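Printed here is start-v5.cif (mmCIF, C-alpha atoms):
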data_upload
loop_
_atom_site.label_atom_id
_atom_site.label_comp_id
_atom_site.auth_asym_id
_atom_site.auth_seq_id
_atom_site.Cartn_x
_atom_site.Cartn_y
_atom_site.Cartn_z
CA THR J 1 112.70 108.90 79.59
CA GLY J 2 109.63 111.09 79.96
CA LEU J 3 111.72 114.02 81.18
CA LEU J 4 114.12 113.67 78.24
CA VAL J 5 111.26 113.62 75.72
CA ILE J 6 109.64 116.64 77.40
CA SER J 7 112.97 118.50 77.41
CA ALA J 8 113.56 117.82 73.70
CA LEU J 9 110.06 118.94 72.67
CA ALA J 10 110.28 121.98 74.95
CA LEU J 11 113.55 122.92 73.24
CA PHE J 12 111.86 122.67 69.82
CA LEU J 13 108.89 124.70 71.05
CA PHE J 14 110.90 127.50 72.67
CA THR J 15 113.22 127.74 69.68
CA ALA J 16 110.28 128.02 67.26
CA VAL J 17 108.70 130.69 69.47
CA ALA J 18 111.68 132.85 70.38
CA GLY J 19 114.88 131.50 68.88
CA ARG J 20 117.84 130.47 70.98
CA LEU J 21 116.33 131.02 74.42
CA TRP J 22 118.17 127.97 75.74
CA CYS J 23 121.52 129.35 74.59
CA GLY J 24 120.89 132.84 75.88
CA TYR J 25 119.36 132.08 79.26
CA ALA J 26 119.73 128.45 80.38
CA CYS J 27 122.76 126.81 78.75
CA PRO J 28 125.43 125.94 81.37
CA GLN J 29 128.08 127.53 79.15
CA THR J 30 126.17 130.83 79.20
CA VAL J 31 125.34 130.63 82.91
CA TYR J 32 128.91 129.85 83.97
CA THR J 33 130.34 132.47 81.64
CA GLU J 34 128.08 135.06 83.28
CA MET J 35 129.26 133.91 86.71
CA PHE J 36 132.91 134.16 85.69
CA LEU J 37 132.32 137.59 84.12
CA TRP J 38 130.68 138.80 87.33
CA ILE J 39 133.73 137.69 89.34
CA GLU J 40 135.99 139.40 86.78
CA LYS J 41 134.03 142.64 87.07
CA GLN J 42 134.13 142.58 90.87
CA MET J 43 137.89 142.00 90.90
CA GLU J 44 139.07 144.13 87.97
CA GLY J 45 136.25 146.57 87.27
CA ASP J 46 134.30 147.17 84.07
CA ARG J 47 135.64 146.85 80.54
CA SER J 48 137.25 150.30 80.45
CA ALA J 49 138.99 149.77 83.79
CA ARG J 50 140.32 146.40 82.67
CA MET J 51 141.67 147.82 79.43
CA ARG J 52 143.45 150.62 81.32
CA ARG J 53 144.92 148.18 83.83
CA ASP J 54 146.08 145.79 81.10
CA ALA J 55 147.98 148.64 79.47
CA GLN J 56 149.82 149.46 82.72
CA PRO J 57 153.03 147.74 83.86
CA MET J 58 152.79 144.96 86.43
CA SER J 59 152.19 146.16 89.98
CA MET J 60 151.05 144.64 93.26
CA ASP J 61 147.54 145.95 92.70
CA LYS J 62 147.40 144.46 89.20
CA LEU J 63 148.90 141.16 90.37
CA TRP J 64 146.48 140.92 93.33
CA ARG J 65 143.42 141.65 91.23
CA LYS J 66 144.29 139.31 88.38
CA GLY J 67 145.60 136.58 90.65
CA GLY J 68 142.60 136.85 92.96
CA LYS J 69 140.27 136.59 89.97
CA HIS J 70 141.87 133.35 88.83
CA ILE J 71 141.85 131.91 92.35
CA LEU J 72 138.10 132.59 92.62
CA TRP J 73 137.56 131.13 89.14
CA LEU J 74 139.44 127.96 90.14
CA LEU J 75 137.50 127.62 93.39
CA LEU J 76 134.17 127.92 91.56
CA ALA J 77 135.32 125.53 88.83
CA MET J 78 136.56 122.90 91.27
CA TRP J 79 133.36 123.17 93.30
CA THR J 80 131.47 122.53 90.05
CA GLY J 81 133.53 119.41 89.32
CA PHE J 82 133.07 118.19 92.89
CA THR J 83 129.29 118.59 92.81
CA PHE J 84 129.10 116.92 89.39
CA VAL J 85 130.83 113.84 90.79
CA GLY J 86 128.32 114.07 93.63
CA TYR J 87 125.64 112.92 91.18
CA PHE J 88 127.34 109.52 91.03
CA THR J 89 128.95 109.19 94.45
CA PRO J 90 126.50 110.25 97.21
CA ILE J 91 127.48 113.82 98.01
CA LYS J 92 127.61 113.25 101.79
CA GLU J 93 129.99 110.33 101.36
CA LEU J 94 132.04 112.31 98.86
CA GLY J 95 132.24 115.30 101.19
CA LEU J 96 133.35 113.11 104.10
CA ALA J 97 135.94 111.41 101.90
CA PHE J 98 137.24 114.85 100.81
CA VAL J 99 137.57 116.05 104.40
CA GLN J 100 139.38 112.83 105.33
CA LEU J 101 141.58 113.03 102.20
CA ASN J 102 140.25 109.62 101.21
CA MET J 103 138.64 110.22 97.81
CA GLY J 104 138.97 107.49 95.21
CA SER J 105 141.25 107.92 92.20
CA TRP J 106 138.37 108.16 89.72
CA GLU J 107 136.54 110.66 91.92
CA ILE J 108 139.67 112.81 92.06
CA PHE J 109 140.20 112.50 88.29
CA TRP J 110 136.65 113.49 87.29
CA SER J 111 136.46 116.33 89.84
CA ILE J 112 139.67 117.81 88.41
CA PHE J 113 138.64 117.07 84.81
CA TYR J 114 135.28 118.84 85.02
CA GLY J 115 136.74 121.58 87.19
CA PHE J 116 139.38 122.50 84.61
CA ALA J 117 136.85 122.08 81.78
CA THR J 118 134.65 124.67 83.50
CA TYR J 119 137.65 126.92 84.17
CA GLY J 120 138.77 126.79 80.54
CA ASN J 121 135.34 127.01 78.91
CA ALA J 122 133.85 129.78 81.03
CA GLY J 123 137.04 131.67 81.84
CA PHE J 124 138.88 131.66 78.51
CA MET J 125 137.02 130.05 75.59
CA ARG J 126 133.63 131.60 76.40
CA GLU J 127 131.87 132.43 73.13
CA GLN J 128 134.25 130.23 71.13
CA VAL J 129 132.40 127.21 72.56
CA CYS J 130 129.14 128.58 71.17
CA LEU J 131 130.64 129.52 67.81
CA HIS J 132 132.78 126.49 67.03
CA MET J 133 132.01 123.58 69.36
CA CYS J 134 128.27 123.56 70.08
CA PRO J 135 126.24 121.58 67.50
CA TYR J 136 123.04 123.39 68.48
CA ALA J 137 124.34 126.56 66.86
CA ARG J 138 124.33 124.73 63.53
CA PHE J 139 120.96 123.02 63.43
CA GLN J 140 118.85 125.57 65.35
CA SER J 141 118.32 127.63 62.17
CA ALA J 142 116.19 124.76 60.80
CA MET J 143 113.68 125.51 63.59
CA PHE J 144 113.39 129.22 62.72
CA ASP J 145 110.88 130.80 60.38
CA LYS J 146 109.91 134.38 59.67
CA ASP J 147 107.49 134.43 62.62
CA THR J 148 110.12 133.36 65.17
CA LEU J 149 110.91 136.05 67.75
CA ILE J 150 114.56 137.09 67.39
CA VAL J 151 116.71 139.98 68.54
CA THR J 152 116.40 142.59 65.78
CA TYR J 153 117.67 146.08 65.02
CA ASP J 154 115.19 148.56 63.57
CA ALA J 155 117.29 149.89 60.69
CA ASP J 156 114.52 152.19 59.41
CA ARG J 157 114.47 154.00 62.72
CA GLY J 158 118.16 153.74 63.62
CA ASP J 159 119.95 154.64 60.36
CA PRO J 160 121.81 156.77 59.42
CA ARG J 161 123.91 156.30 62.54
CA GLY J 162 126.01 158.96 64.12
CA ALA J 163 127.16 160.59 67.34
CA ARG J 164 125.39 163.72 68.57
CA SER J 165 124.76 165.64 71.78
CA ARG J 166 121.69 164.95 73.89
CA LYS J 167 120.19 168.29 72.95
CA ALA J 168 120.70 167.87 69.22
CA ASP J 169 117.72 167.19 66.97
CA PRO J 170 118.48 164.02 64.94
CA ALA J 171 116.11 165.11 62.16
CA THR J 172 118.09 168.35 61.69
CA LEU J 173 121.33 166.37 61.49
CA ASN J 174 119.72 163.82 59.14
CA LEU J 175 120.49 161.05 61.63
CA GLY J 176 118.54 158.09 62.95
CA ALA J 177 118.11 157.09 66.58
CA CYS J 178 121.35 155.06 66.72
CA VAL J 179 124.13 157.15 68.26
CA ASP J 180 126.78 154.62 67.11
CA CYS J 181 128.06 154.08 70.66
CA THR J 182 128.89 150.43 69.83
CA LEU J 183 127.79 149.34 73.31
CA CYS J 184 125.61 146.68 71.70
CA VAL J 185 128.77 145.14 70.21
CA GLN J 186 130.74 145.47 73.44
CA VAL J 187 128.18 143.61 75.57
CA CYS J 188 127.51 140.86 73.00
CA PRO J 189 128.92 137.57 74.36
CA THR J 190 129.68 136.36 70.82
CA GLY J 191 131.05 139.70 69.59
CA ILE J 192 128.64 140.29 66.69
CA ASP J 193 127.11 143.57 65.56
CA ILE J 194 123.33 143.05 65.68
CA ARG J 195 122.92 146.11 63.45
CA ASP J 196 124.19 144.00 60.55
CA GLY J 197 121.13 141.75 60.82
CA LEU J 198 120.48 138.29 62.24
CA GLN J 199 123.60 136.10 62.37
CA TYR J 200 123.93 132.47 63.37
CA GLU J 201 126.29 133.45 66.19
CA CYS J 202 123.49 135.35 68.00
CA ILE J 203 122.39 133.36 71.08
CA GLY J 204 119.33 135.53 71.74
CA CYS J 205 120.43 136.70 75.18
CA GLY J 206 119.06 140.22 74.65
CA ALA J 207 122.10 141.93 76.24
CA CYS J 208 122.31 144.32 73.27
CA ALA J 209 118.62 145.25 73.66
CA ASP J 210 119.09 145.98 77.36
CA VAL J 211 122.12 148.22 76.90
CA CYS J 212 120.55 149.98 73.93
CA ASP J 213 117.46 150.82 76.01
CA THR J 214 119.70 152.49 78.62
CA VAL J 215 121.24 154.64 75.87
CA MET J 216 117.80 155.53 74.52
CA ASP J 217 116.75 156.56 78.03
CA LYS J 218 119.79 158.83 78.39
CA MET J 219 119.15 160.41 75.01
CA GLY J 220 115.43 160.83 75.69
CA TYR J 221 114.45 158.60 72.72
CA GLU J 222 111.84 155.87 72.62
CA ARG J 223 113.03 152.42 73.67
CA GLY J 224 113.04 149.43 71.34
CA LEU J 225 115.66 150.33 68.74
CA ILE J 226 116.96 146.80 69.40
CA LYS J 227 114.23 144.44 70.55
CA TYR J 228 112.64 141.02 70.25
CA SER J 229 110.57 140.92 67.08
CA THR J 230 110.10 138.79 63.95
CA GLU J 231 111.23 139.21 60.38
CA ASN J 232 107.63 139.54 59.16
CA ALA J 233 106.83 142.07 61.88
CA MET J 234 109.80 144.24 60.91
CA ASP J 235 109.06 144.04 57.20
CA GLN J 236 105.33 144.71 57.53
CA LYS J 237 105.48 147.13 60.48
CA TRP J 238 103.19 145.08 62.69
CA THR J 239 102.18 146.23 66.14
CA LYS J 240 103.12 144.20 69.20
CA SER J 241 99.67 142.57 69.36
CA GLN J 242 99.82 141.63 65.67
CA THR J 243 103.28 140.14 66.17
CA LEU J 244 102.16 138.02 69.11
CA ARG J 245 99.12 136.75 67.21
CA HIS J 246 101.36 135.51 64.39
CA VAL J 247 103.70 133.88 66.87
CA LEU J 248 100.84 131.52 67.85
CA ARG J 249 100.92 129.78 64.49
CA PRO J 250 100.01 126.13 63.70
CA ARG J 251 103.45 124.61 64.40
CA ILE J 252 103.51 126.26 67.82
CA LEU J 253 100.04 124.96 68.65
CA ILE J 254 101.01 121.44 67.51
CA TYR J 255 104.22 121.49 69.56
CA SER J 256 102.30 122.76 72.58
CA SER J 257 99.55 120.15 72.26
CA ILE J 258 102.02 117.27 71.99
CA LEU J 259 104.06 118.63 74.89
CA LEU J 260 100.97 119.09 77.06
CA GLY J 261 99.80 115.56 76.24
CA ILE J 262 103.14 114.03 77.22
CA VAL J 263 103.28 116.04 80.45
CA VAL J 264 99.74 114.95 81.40
CA ALA J 265 100.53 111.32 80.55
CA MET J 266 103.70 111.42 82.64
CA VAL J 267 101.95 113.01 85.65
CA VAL J 268 99.14 110.44 85.45
CA SER J 269 101.59 107.54 85.16
CA LEU J 270 103.59 108.80 88.15
CA THR J 271 100.40 109.26 90.16
CA LEU J 272 99.10 105.77 89.41
CA ARG J 273 102.41 103.92 89.49
CA THR J 274 103.05 101.15 91.97
CA PRO J 275 106.01 102.19 94.13
CA PHE J 276 107.66 98.77 93.85
CA LYS J 277 108.37 96.17 91.19
CA VAL J 278 108.68 92.41 91.25
CA ASP J 279 110.46 89.97 88.95
CA VAL J 280 109.80 86.23 89.28
CA VAL J 281 112.38 83.73 88.04
CA ARG J 282 111.69 80.03 88.29
CA ASP J 283 114.81 78.33 89.60
CA ARG J 284 115.84 76.03 86.75
CA GLY J 285 118.70 74.60 88.76
CA VAL J 286 116.29 72.71 91.01
CA MET J 287 113.68 70.50 89.39
CA ALA J 288 110.14 70.08 90.68
CA ARG J 289 110.15 67.37 93.28
CA ILE J 290 107.97 65.37 95.66
CA VAL J 291 108.62 66.21 99.32
CA ALA J 292 107.19 65.04 102.65
CA LYS J 293 103.50 64.03 102.69
CA GLY J 294 103.65 63.64 98.92
CA ASP J 295 103.42 67.37 98.24
CA ILE J 296 104.81 68.79 94.99
CA GLU J 297 107.47 71.50 95.53
CA ASN J 298 108.75 74.14 93.07
CA LEU J 299 111.49 76.67 93.79
CA TYR J 300 111.40 80.34 92.68
CA ARG J 301 113.52 83.44 93.06
CA LEU J 302 111.75 86.78 93.46
CA GLN J 303 113.42 90.16 93.05
CA LEU J 304 111.63 92.85 95.07
CA MET J 305 112.53 96.43 94.08
CA ASN J 306 111.51 99.16 96.52
CA ALA J 307 111.25 102.52 94.72
CA THR J 308 110.18 104.51 97.78
CA GLU J 309 112.29 106.51 100.22
CA GLN J 310 111.25 104.35 103.20
CA SER J 311 111.93 100.77 104.17
CA GLN J 312 108.98 98.54 103.19
CA THR J 313 107.69 95.15 104.31
CA TYR J 314 106.06 92.96 101.67
CA LYS J 315 103.78 89.94 102.08
CA ILE J 316 104.04 87.19 99.43
CA THR J 317 101.18 84.85 98.52
CA ALA J 318 100.71 82.27 95.78
CA SER J 319 97.49 81.21 94.00
CA GLY J 320 96.34 79.32 90.95
CA LEU J 321 96.12 75.71 92.18
CA PRO J 322 94.04 74.11 94.97
CA GLY J 323 95.93 74.09 98.27
CA LEU J 324 98.89 76.05 96.91
CA GLN J 325 101.00 77.57 99.70
CA LEU J 326 104.44 78.91 100.62
CA THR J 327 106.69 76.91 102.92
CA THR J 328 109.23 79.73 103.29
CA GLU J 329 108.87 83.06 105.12
CA ASP J 330 106.03 85.01 103.49
CA THR J 331 107.11 88.51 104.65
CA VAL J 332 110.20 90.29 103.38
CA GLU J 333 111.68 93.66 104.36
CA VAL J 334 113.44 95.74 101.69
CA ALA J 335 115.38 98.93 102.47
CA SER J 336 114.55 102.20 100.75
CA THR J 337 115.47 102.49 97.04
CA GLU J 338 116.98 99.01 97.08
CA SER J 339 116.23 95.59 95.60
CA ARG J 340 116.44 92.20 97.23
CA TRP J 341 116.40 88.65 95.90
CA VAL J 342 114.48 86.11 97.98
CA THR J 343 114.07 82.38 97.51
CA VAL J 344 110.50 81.10 97.71
CA ARG J 345 109.39 77.47 98.01
CA VAL J 346 105.85 76.73 96.84
CA VAL J 347 104.08 73.40 97.40
CA ALA J 348 100.81 71.94 96.15
CA PRO J 349 99.08 68.81 97.49
CA PHE J 350 99.66 65.62 95.51
CA GLY J 351 96.90 65.24 92.95
CA ALA J 352 95.97 68.94 92.98
CA ALA J 353 96.77 69.14 89.27
CA ASP J 354 97.61 66.87 86.36
CA PRO J 355 101.25 66.37 85.37
CA GLY J 356 102.65 69.23 83.29
CA SER J 357 103.00 73.01 83.52
CA HIS J 358 100.34 75.12 85.22
CA VAL J 359 100.01 78.90 85.49
CA ILE J 360 100.18 80.33 89.02
CA HIS J 361 100.30 83.91 90.31
CA PHE J 362 102.42 85.46 93.01
CA GLY J 363 100.73 88.28 94.89
CA ILE J 364 103.01 90.80 96.58
CA GLU J 365 101.45 93.41 98.88
CA SER J 366 103.13 96.27 100.67
CA LEU J 367 101.98 96.16 104.30
CA GLY J 368 102.63 99.88 104.64
CA SER J 369 100.84 101.32 101.61
CA HIS J 370 98.69 98.27 100.72
CA ASP J 371 99.80 98.52 97.09
CA LYS J 372 99.65 95.17 95.30
CA VAL J 373 101.48 93.58 92.40
CA SER J 374 100.66 90.27 90.73
CA GLU J 375 103.24 88.34 88.70
CA LYS J 376 102.67 85.17 86.64
CA SER J 377 104.85 82.09 86.66
CA SER J 378 104.56 78.35 85.99
CA PHE J 379 104.23 75.43 88.42
CA ILE J 380 105.56 72.08 87.23
CA VAL J 381 103.88 68.85 88.31
CA PRO J 382 106.24 65.92 87.52
CA ARG J 383 104.93 62.84 85.75
#

This entry written out as structure tokens:
Amino acid sequence: TGLLVISALALFLFTAVAGRLWCGYACPQTVYTEMFLWIEKQMEGDRSARMRRDAQPMSMDKLWRKGGKHILWLLLAMWTGFTFVGYFTPIKELGLAFVQLNMGSWEIFWSIFYGFATYGNAGFMREQVCLHMCPYARFQSAMFDKDTLIVTYDADRGDPRGARSRKADPATLNLGACVDCTLCVQVCPTGIDIRDGLQYECIGCGACADVCDTVMDKMGYERGLIKYSTENAMDQKWTKSQTLRHVLRPRILIYSSILLGIVVAMVVSLTLRTPFKVDVVRDRGVMARIVAKGDIENLYRLQLMNATEQSQTYKITASGLPGLQLTTEDTVEVASTESRWVTVRVVAPFGAADPGSHVIHFGIESLGSHDKVSEKSSFIVPR
């Protein structure tokens, strides 16, 4: 729960600071699309080479490259589905079952389902998922303001656009810094033209800024024609230091403070937590009764939950009434990350308490770590 709350607040914070950082750098759709594009480039070459090959008639080279690309895509996609199922079926058991051709029907179904979902989303749909299926693309604009860092095009510096030689003086030709190479459009995963201004399809990946900087380097111009900036910074011609100062605005400081507080609280709670839990259930199927020597006996069921990675031995004690003691085994071993129900019989000497219900406490101590837990229950003395 703590991790989910931290993740949600972190998403709000990062979006308010620098737009769709999640979409551009961390979203599985973006990450897998980049992986599939890398495989495509290794098998078929860059965009120009692929366009030339697509225009050619079918040949063995074309068939091998395209077929090999899809085989590698399918292998990566099926590995993704397999490892996803490994979150629910222990991955070692799942791997052994795969080798022995003994996987369960549901394991096979979900491995294939998520494998083909990855193959279709990252290999074919790509940006269409971001544009038409992802809800985050719709509501993220509510987190933006004019001091949010976004990918921007400096129209004052770049326009008028136009091609020219490297030696040409743009001022003489009455041109801006943009050479109208359209590389920024070609590398955009959602196919937008950033020169037309901010659009909801932009996922903030910065690919257009990177490719534009390479063009500026070749032309001998200053970098930053396309860059991360804010609407206010572009309108008011702020310097980089002025822009960063305005980024640290009240909403960012509030988000950061809340996020820091939750992180500290979670770390403290994890540090101080007891690595096991106990539930006590009084057995209502067996009434309190008088046993040998006139002692009063009550029956309880204790659930011991071991949250550590090692097997633990626990010692059980009971207190709250004079002479109260256990007549069953007082030590219990519980395997790592497992829970175990144990039946406990507790007796008190006759006359130790008046008839009725009395509060008692079960003490459970880990003999390995010496951590202790105390749980309350009731002891019935019959009339």

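The result of the PyMOL selection byres ((chain J and resi 285) around 12) on the shown file is J:Val281, J:Arg282, J:Asp283, J:Arg284, J:Val286, J:Met287, J:Ala288, J:Asn298, J:Leu299, J:Tyr300, J:Arg301.
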
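When only C-alpha atoms are used to measure the gap to Thr80 of chain J, the shortest distance among J:Val247, J:Ile112, J:Ile262, J:Ala49 belongs to J:Ile112.
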
- Message: Just want the 12 Å neighbourhood of Tyr314 of chain J, counted on all atoms listed in the file, with same-chain residues fewer than 5 positions away dropped. Output as JSON, numbers by chain.
- Response: {"J": [275, 276, 277, 278, 302, 303, 304, 305, 306, 329, 330, 331, 332, 333, 334, 335, 340, 342, 363, 364, 365, 366, 367, 368, 369, 370, 371, 372, 373]}

Please produce a file of the residues just selected, as a short mmCIF file (atom, residue, chain, number, x, y, z; two decimals), in the coordinates of the input, where the atoms kept are C-alpha atoms.
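Listed below is the output, part-v2.cif:
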data_model
loop_
_atom_site.label_atom_id
_atom_site.label_comp_id
_atom_site.auth_asym_id
_atom_site.auth_seq_id
_atom_site.Cartn_x
_atom_site.Cartn_y
_atom_site.Cartn_z
CA PRO J 275 106.01 102.19 94.13
CA PHE J 276 107.66 98.77 93.85
CA LYS J 277 108.37 96.17 91.19
CA VAL J 278 108.68 92.41 91.25
CA LEU J 302 111.75 86.78 93.46
CA GLN J 303 113.42 90.16 93.05
CA LEU J 304 111.63 92.85 95.07
CA MET J 305 112.53 96.43 94.08
CA ASN J 306 111.51 99.16 96.52
CA GLU J 329 108.87 83.06 105.12
CA ASP J 330 106.03 85.01 103.49
CA THR J 331 107.11 88.51 104.65
CA VAL J 332 110.20 90.29 103.38
CA GLU J 333 111.68 93.66 104.36
CA VAL J 334 113.44 95.74 101.69
CA ALA J 335 115.38 98.93 102.47
CA ARG J 340 116.44 92.20 97.23
CA VAL J 342 114.48 86.11 97.98
CA GLY J 363 100.73 88.28 94.89
CA ILE J 364 103.01 90.80 96.58
CA GLU J 365 101.45 93.41 98.88
CA SER J 366 103.13 96.27 100.67
CA LEU J 367 101.98 96.16 104.30
CA GLY J 368 102.63 99.88 104.64
CA SER J 369 100.84 101.32 101.61
CA HIS J 370 98.69 98.27 100.72
CA ASP J 371 99.80 98.52 97.09
CA LYS J 372 99.65 95.17 95.30
CA VAL J 373 101.48 93.58 92.40
#

- Item | Picked residues, the PyMOL selection byres ((chain J and resi 350) around 10), as a list of chain:residue names |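 For this structure, the PyMOL selection byres ((chain J and resi 350) around 10) resolves to J:Ile290, J:Val291, J:Lys293, J:Gly294, J:Asp295, J:Ile296, J:Glu297, J:Gly323, J:Val347, J:Ala348, J:Pro349, J:Gly351, J:Ala352, J:Ala353, J:Asp354, J:Val381.
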
- Note on the structure: As a check of understanding: the span from atom CA of Leu74 of chain J to atom CA of Gln186 of chain J is 25.7 Å

- Query: For Cys134 of chain J, which residue among J:Asp159, J:Asp154, J:Asp61, J:Glu201 is the nearest when counting all atoms listed in the file?
  - Reply: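 Using all atoms listed in the file, the shortest distance to Cys134 of chain J belongs to J:Glu201.
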
- Query: Pick from J:Tyr114, J:Met58, J:Val346, J:Asp156: nearest to Phe82 of chain J, with all atoms listed in the file counted?
  - Reply: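 Counting all atoms listed in the file, the residue closest to Phe82 of chain J is J:Tyr114.
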
- Separation of atom CA of Phe144 of chain J from atom CA of Gly19 of chain J in Å: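 Straight-line distance from atom CA of Gly19 of chain J to atom CA of Phe144 of chain J works out to 6.7 Å.
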
- Message: Can you measure atom CA of Arg126 of chain J to atom CA of Val31 of chain J for me? One decimal in Å is fine.
- Response: 10.6 Å

- Message: Residues near segment 85-102 of chain J, anyone? I mean within 12 Å using only C-alpha atoms, not counting same-chain ones fewer than 6 positions away, as a list in words.
- Response: Met78, Trp79, Ile108, Phe109, Trp110, Ser111, Ile112, Phe113, Tyr114 and Gly115 of chain J

Determine, for each residue of segment 106-161 of chain J having at least one atom at most 8 Å from an atom of segment 7-16 of chain J, the closest pair of atoms and their separation in Å to one decimal, counting all atoms listed in the file; order by chain and ascending number, as CSV.
residue,atom,partner,partner_atom,distance
J:Gln140,CA,J:Thr15,CA,7.4
J:Met143,CA,J:Ala16,CA,5.6
J:Phe144,CA,J:Ala16,CA,5.6
J:Asp145,CA,J:Ala16,CA,7.4
J:Thr148,CA,J:Ala16,CA,5.7

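Minimum distance to Ala292 of chain J across J:Trp38, J:Tyr228, J:Leu272, J:Thr327 (counting all atoms listed in the file) occurs at J:Thr327.
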
Hits from the PyMOL selection byres ((chain J and resi 23) around 10), listed as an mmCIF file with C-alpha atoms, in the frame of the given file:
data_model
loop_
_atom_site.group_PDB
_atom_site.id
_atom_site.type_symbol
_atom_site.label_atom_id
_atom_site.label_comp_id
_atom_site.auth_asym_id
_atom_site.auth_seq_id
_atom_site.Cartn_x
_atom_site.Cartn_y
_atom_site.Cartn_z
ATOM 1 C CA THR J 15 113.220 127.740 69.680
ATOM 2 C CA GLY J 19 114.880 131.500 68.880
ATOM 3 C CA ARG J 20 117.840 130.470 70.980
ATOM 4 C CA LEU J 21 116.330 131.020 74.420
ATOM 5 C CA TRP J 22 118.170 127.970 75.740
ATOM 6 C CA GLY J 24 120.890 132.840 75.880
ATOM 7 C CA TYR J 25 119.360 132.080 79.260
ATOM 8 C CA ALA J 26 119.730 128.450 80.380
ATOM 9 C CA CYS J 27 122.760 126.810 78.750
ATOM 10 C CA PRO J 28 125.430 125.940 81.370
ATOM 11 C CA GLN J 29 128.080 127.530 79.150
ATOM 12 C CA THR J 30 126.170 130.830 79.200
ATOM 13 C CA VAL J 31 125.340 130.630 82.910
ATOM 14 C CA CYS J 130 129.140 128.580 71.170
ATOM 15 C CA CYS J 134 128.270 123.560 70.080
ATOM 16 C CA TYR J 136 123.040 123.390 68.480
ATOM 17 C CA ALA J 137 124.340 126.560 66.860
ATOM 18 C CA CYS J 202 123.490 135.350 68.000
ATOM 19 C CA ILE J 203 122.390 133.360 71.080
ATOM 20 C CA GLY J 204 119.330 135.530 71.740
ATOM 21 C CA CYS J 205 120.430 136.700 75.180
#

- Item | Pick from J:Lys315, J:Arg383, J:Lys69, J:Arg166, whichever lies nearest to Val344 of chain J using all atoms listed in the file |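 When distances to Val344 of chain J are compared using all atoms listed in the file, the smallest one comes from J:Lys315.
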